[in-house]
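A.B. asks: Before I ask anything, let me first share the structure, which is written out below as structure tokens.
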Amino acid sequence: ADSLSNVTMWKRKVVNAAHVSFFQELKVKDEECERLSRVRIQLEQELEELTASLFEEAHKMVREANVKQAGAEKQLKEAQGKIDVLQAEVTALKTLVLTSTPSSPNRQLHPQLQSTRGAHKHVRGHTRNKSVSDSFPTSTPQPPSVPAQPTTRQDRETDSVLFAEFLMWREHPSLDRSSAFLSRIYREDIGPCLSFTRCELSKMVQSAVENNSLTMEPVAMSAVPVVKASAVECAGPKKCALSGVSRPCRHRIKLGDKENYYYISPSSRARITTVCNFFTYIRYIQQGLVRHDAEQMFWEVMRLRSEMSLAKLGFYLTEQG
């Protein structure tokens, strides 16, 4: 009986120990479940916050994109309007260039020339300028027996070599001076016309003219000059920066993006202007804006060359008044 009770007690102890171990393990599991539950809740909160933040950022990006699109559309409309205006101006400029040259301007495009045209009266097949006859005393008519004084006119004859060089250049017009046409003009006209006492400055001026980056503007004689470089380099309103000669300088030039202004005399201005006029015309030919025949273009080039030659020799026009 004692041994049976001892076995029973031992079994109870084993069962109790198993229960205690089980409950302890269950408690650990419960604690682990609670910890995982808290982690899950925290992750869900963070996920919700991240989702809300992403939606807010997405809405912000959409709003910014809409604003930028509206601004871009507005700029596009403004740019299109400017393009239309510029195209209209280019069309008008092409019309002007195609129908008018400095030697033979289009009177319909230059109303100021109509007045001189209307001032002529036809009398028995001859032309008389009324404004000229009114401004001078009337002389006594000569008897019919007195022969009229011979009049002279300027004739011209095309130089075959120059014309052939021009035709070759016109087939593929460019500003490359390696062509025989431009090489001759550089050697005979442009180089001498832009050759001044100040050699370095002369080269800079020629480069700016070729690059179409030279700016020329009138100067008020009463204004005090602002000299940003040496006085010898920029000269002043009474000394030409190119020739070094003391002359009243009513104009100044600026070369490209440089800040310095150079005061130039009327003679230097005329020489630079004639070269600029030549480059402007051949650029028009290069861009296809001049639709005259080859001979008309050639004689316009020759006229511009003659202006460069005269300016080099010291002849220039001055404004009266």
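Labeling convention for the structure tokens: chains A, B, ... as they appear, residues from 1 per chain, ligands from 1 in order of appearance.
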Can you pull out every residue within 12 Å of stretch 245-248 of chain A, counting only C-alpha atoms, but drop anything in the same chain fewer than 3 positions away, and send it as a ChimeraX atom specification?
C.D. replies: /A:196-198,219-222,232,235-242,251-252,263-269
A.B. asks: Using only C-alpha atoms, which protein or nucleic acid residues come within 12 Å of A:Cys199? Drop anything in the same chain fewer than 3 positions from it, and give the result as a list in words.
C.D. replies: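 So, after excluding close chain neighbours, the residues are Gly191, Pro192, Leu194, Ser195, Phe196, Ser202, Lys203, Met204, Val205, Gln206, Glu233, Ala241, Leu242, Ser243 and Gly244 of chain A.
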A.B. asks: For stretch 298-308 of chain A, work out the shell of residues within 10 Å, counting only C-alpha atoms and skipping chain neighbours fewer than 5 positions away, then give it as an MDAnalysis selection string.
C.D. replies: chainID A and resid 101:104 156:158 162:163 166:167 170 185 188:190 192:194 270:279 281:282 292:293 313:316
A.B. asks: For a test of reading the model, state the distance in Å between atom CA of A:Asp155 and atom CA of A:Gln286, rounded to one decimal.
C.D. replies: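 Atom CA of A:Gln286 lies at a distance of 28.6 Å from atom CA of A:Asp155.
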A.B. asks: Skipping near chain neighbours, those fewer than 5 positions away, what residues fall within 12 Å of A:Ser174 using only C-alpha atoms, listed as a list in words?
C.D. replies: Phe166, Met168, Trp169, Ser179, Ala180, Phe181, Leu182, Ser183, Glu210, Phe279, Ile282, Arg283, Tyr284, Ile285, Gln286, Gln287 and Gly288 of chain A
